[in-house]
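**Student:** Quick one: this structure, given as structure tokens, is what I'll be asking you about.
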Amino acid sequence: MNAFKLIFFALFLLLLIAFIQFKKDIFVLFEEGTGNFTTQISTGDFPKTLTDVTGITYTLTQPPKRIISATLATDHILSALVSQERIVGVSRYVDYPSLSNIVDFYAPSIRRTKTEIESILSLQPDLVFVASYSDPEAVRYLLRSDIAVVRLSEFKSFTDIINNIRLIADITDSKVKGQQVIDELENRIEFIKAQVKPYKKPRVLYYDLNGFSVGGNSLMNEAINISGGINVAENILPDGEHKISEELAISLQPDIIVMSQWIFNDNQQQQSPVDILKNKVAWANVPAIKNNKVYAVPGTWLRTVSQFRIKGVEAIAAMLHPEIKPYPRADQANQHNSSHEVIDVQ
Amino acid sequence: MFNNPTHKILIIGLLAILFITLSGLAVLQGPVDIPFNTILTILSEAILGTHHDTIIAWQQSIIIDVRLPRVLIAMFAGASLALCGLITQSMFRNPLASPSILGVSSGASLGAVIAIYCGASLLSAWSIPLFAFIGAGITLSIVYRIATNQGQSNIATLLLSGVAISALNVAATSLLLALSLNNWDVARMIIYWTMGGLDGRTWDHVFIILPIICSGFICLLFYSKPLDLLLLGEQHALSVGVDVKKTRRNLLIISTAMVGASVSVVGGIGFIGLVVPHILRLILGPSHRYLLPASLLGGAIALMSADLFTSVFFKNSEIPLGVITAALGAPFFLFLLIKQRVVIN
């Protein structure tokens, strides 16, 4: 009898496995996305078809009027593309001074949401922007709930940022504004590249007091390269942001150290990471410290993966090559709404 | 287990040799390759005061201001964690006791997190250790007050209140972390601090930990007999003239100071406090005359070898030190346990 039960159990198990194998598409949402899983959007005019990497498709018959942006990057990009009337929700971090470049830009009536399914559904959006790093549970719900979802997954270079802006402009029917933002961004990058070309490239280390630096294939690496510098950690650390031992950082002997300026407890008067690093005895023999070439760039410019990233590059370029001219300001005004506070490059 | 005192002394001697070799290796080995001769020249200049023109300044900074403090801190922190583990296990006659069981570690962590949260950590290198210390002290006094009734402290109540207060401390730490999430810089700093480790430690940290550990160890040497007797039970200890109440209070204060100091400097590195004393007890037997110096050396060896292991095999990786100590220590501990079971059978 026991043997019969065991056989029955084994058969049942096999049946279940077979069922799962045949009906794999039910579980498709549970597969971790790797690589590029940005939503694909059909070309041409509305109605547009959005195809998620899971194969789920949505059709948007007209430009979305109730947009939720659940990531900080899309909050920033949308701020330059669509009018606030079309946005019903932005990410909760949008007013945090340590993370956002557009504090208090969005009207208080626009909901600040977490990527949390109930609050998102209650706003009855017709389009939701999420990212590869959004809460996967909520994204799964959203994908199933028949609301158009755009997932962004690539944030490693300016090309990625430009592609994201183009995609958002396309789906929100604001291609003209999108192209303006992209042109502006490309012009500013080219301007810096042309300015720094004649100068010798200094050896630059990006260093965070928690002990992090950046290897190749990252926005920070690209920023240093555009600004006319050499990232000393490029071939030493793996791609992306990684921990670097203090010993290794010192041995790289950088000419210039770039740090991220923090905003501690909303009080900007507190000690800068630059002073803390300068006071470390072990760093005293690093050329950057000896020649007093340690700089801090506002962290919000270094962390954002939106058009605001260019401010970080311009700031770094000005530190690496103080001789270069700033970008002509007349053109800069075109990029943002008039109500939009533009932070000056120091 | 070795019963012969000569063998025990021999083993402690071996530990000492291992300790010296490891400290030497730890100074020689690091993420940056600096030639052996250069390191010797740098060290001789630092110790003997002789002047050499061949020394490159940044290599000197690395050896003197990065590697040496790192090695010393690993040494002292490991030693103090293991010693405190030994004391708590003996005092409470409980094999699961470790510095964390009385809530002292979590109290120290909470103190440090408060320091970071309030921004005090930016003002001075001493603020985190100071807050950690206060956190550890307050936790211990609460736990001790709860468990002590008319001068008598009940071990079960002491351990249970320790667990409860520890849970409270962990909850408060999580709350602060959640609150600090609206500020990226603060949250990041708290997360990295709680992961623990030896990166970025300076001579300041050595000077914080050094006096406390040294004086703590010297005080503990006087307690090897009472600790042996406490193992037999309170009644036995009382009957041979041990002032149990006073001894326990003093031991608690010493171990709090030591744990507070090491947690404040290296963050949360678990496992050493729990397992190193057990391993040594399995090898050397229960006598504290041998266990105290052996734990001191054993703890230092454990943390230094874990750090060396990371720097040799996982260059530039982000594996926390606590993970290595556990990954290396657990199999060895289990091996000893199984071997002992075989002997008993």
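In the structure tokens, the first chain shown is A, the next is B, and so on; residue numbers restart at 1 for each chain, and ligands run from 1 in the order shown.
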Do me a favour and pick out the residues of chain B within 7 Å of chain A, using only C-alpha atoms, as a PyMOL selection string.
**Tutor:** chain B and resi 31-32+57-58+61-62+65-66+119+122+182-186+189+192+199-200+316-318
**Student:** Keeping only C-alpha atoms, write those residues as a compact mmCIF listing (two decimals), in the first residue's frame.
**Tutor:**
```txt
# COMPACT_ATOMS: atom_id res chain seq x y z
CA PRO B 31 46.23 44.34 -2.98
CA VAL B 32 49.29 46.25 -4.19
CA ALA B 57 56.71 58.08 -0.44
CA TRP B 58 53.40 56.52 -1.45
CA SER B 61 52.16 55.58 3.23
CA ILE B 62 50.64 52.27 2.19
CA ASP B 65 49.37 54.15 7.32
CA VAL B 66 47.20 51.54 5.62
CA GLY B 119 26.02 63.33 11.17
CA LEU B 122 31.69 63.42 10.01
CA ASN B 182 15.49 59.52 2.13
CA ASN B 183 19.10 60.58 2.22
CA TRP B 184 21.18 58.45 -0.05
CA ASP B 185 24.54 59.37 1.49
CA VAL B 186 23.52 58.58 5.05
CA MET B 189 27.19 54.93 4.95
CA TYR B 192 28.52 49.82 4.66
CA ASP B 199 38.77 48.98 5.05
CA GLY B 200 39.76 52.56 5.63
CA ASN B 316 39.05 43.58 -5.34
CA SER B 317 35.91 41.67 -4.50
CA GLU B 318 33.27 42.90 -2.13
```
**Student:** Give me the residues near Asp183 in chain A as a VMD selection string, where near means some atom within 10 Å (using only C-alpha atoms) and where sequence neighbours in that chain fewer than 5 positions away do not count.
**Tutor:** chain A and resid 162 177 to 178 188 to 189 335
**Student:** Let me see the file: selected residues, C-alpha atoms, as a tab-separated table (two decimals), in the first residue's frame.
**Tutor:**
```
chain	number	residue	atom	x	y	z
A	162	ILE	CA	19.72	59.30	-25.21
A	177	LYS	CA	10.82	68.28	-27.42
A	178	GLY	CA	12.65	64.98	-27.06
A	188	ARG	CA	27.08	69.97	-24.86
A	189	ILE	CA	29.05	66.70	-24.98
A	335	GLN	CA	16.38	72.78	-22.59
```
**Student:** Please provide the set of residues having any atom within 9 Å of Pro293 in chain B, restricted to only C-alpha atoms, with same-chain residues fewer than 2 positions apart removed, written as an MDAnalysis selection string.
**Tutor:** chainID B and resid 12 83 217 221 288:291 295:298
**Student:** Got a sec: who's within 12 Å of Phe207 in chain B, counting only C-alpha atoms, leaving out chain neighbours fewer than 3 positions off, as JSON, numbers by chain?
**Tutor:** {"B": [69, 72, 73, 76, 125, 126, 129, 201, 202, 203, 204, 210, 211, 212, 213, 214, 261, 262, 265]}
**Student:** Show me, as a list in words, the residues that have an atom within 8 Å of Tyr58 in chain A when counting only C-alpha atoms, minus same-chain residues fewer than 4 positions from it.
**Tutor:** Thr49, Leu50, Thr51, Asp146, Ile147 and Ala148 of chain A
**Student:** Which residues are near range 114-122 of chain A? Cut-off 9 Å, only C-alpha atoms, ignore same chain within fewer than 2 positions. Put them as a PDB file with C-alpha atoms, in the first residue's frame.
**Tutor:**
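Heads up, here's the output in selection_19.pdb:
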```
ATOM      1  CA  ILE A  68       2.907  57.466 -13.711  1.00  0.00           C
ATOM      2  CA  ALA A  70       7.857  55.210 -10.884  1.00  0.00           C
ATOM      3  CA  THR A  71      11.572  55.898 -11.286  1.00  0.00           C
ATOM      4  CA  GLY A  89       2.248  60.190 -10.216  1.00  0.00           C
ATOM      5  CA  VAL A  90       6.000  60.558  -9.818  1.00  0.00           C
ATOM      6  CA  SER A  91       8.467  58.613  -7.718  1.00  0.00           C
ATOM      7  CA  ARG A  92       8.634  59.390  -4.025  1.00  0.00           C
ATOM      8  CA  TYR A  93      12.306  60.321  -4.245  1.00  0.00           C
ATOM      9  CA  ARG A 112       4.436  60.726  -4.955  1.00  0.00           C
ATOM     10  CA  GLN A 124      -5.851  54.788 -12.889  1.00  0.00           C
ATOM     11  CA  PRO A 125      -2.843  55.430 -15.101  1.00  0.00           C
ATOM     12  CA  VAL A 128       3.524  53.492 -16.170  1.00  0.00           C
ATOM     13  CA  VAL A 130       9.365  51.426 -14.383  1.00  0.00           C
ATOM     14  CA  SER A 134      12.002  48.675  -9.634  1.00  0.00           C
ATOM     15  CA  ASP A 135      10.345  46.332  -7.177  1.00  0.00           C
ATOM     16  CA  GLU A 137       6.715  42.067  -7.484  1.00  0.00           C
ATOM     17  CA  ALA A 138       4.964  45.308  -8.354  1.00  0.00           C
ATOM     18  CA  VAL A 139       6.253  45.130 -11.927  1.00  0.00           C
ATOM     19  CA  TYR A 141       1.437  42.784 -11.063  1.00  0.00           C
ATOM     20  CA  LEU A 142       1.530  45.719 -13.412  1.00  0.00           C
ATOM     21  CA  SER A 145      -2.994  44.218 -14.874  1.00  0.00           C
ATOM     22  CA  ILE A 147      -1.974  48.771 -17.948  1.00  0.00           C
TER      23      ILE A 147
END
```
**Student:** DSSP on the backbone: what in range 11-215 of chain B comes out alpha helix (DSSP H), as a ChimeraX atom specification?
**Tutor:** /B:11-28,36-48,57-61,68-92,104-117,127-147,155-180,184-195,203-215
**Student:** Find the spatial neighbours of range 27-29 of chain B, counting only C-alpha atoms, within a cut-off of 10 Å - ignore same-chain residues fewer than 6 positions away - and output them as an MDAnalysis selection string.
**Tutor:** chainID B and resid 35:36 39:40 43 63:64 66:72 308 311:312
**Student:** By how many Å are CA of Leu198 in chain B and CA of Ala74 in chain B apart?
**Tutor:**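 Going from CA of Leu198 in chain B over to CA of Ala74 in chain B covers 7.2 Å.
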**Student:** Grab the CA of Thr113 in chain A to CA of Ala73 in chain A distance for me, in Å with one decimal place.
**Tutor:** 14.2 Å
**Student:** Once DSSP has gone over the backbone, tell me which residues of range 81-239 of chain B are in strand (DSSP E), as a list in words.
**Tutor:** Thr148, Asn149, Gln152 and Ser153 of chain B
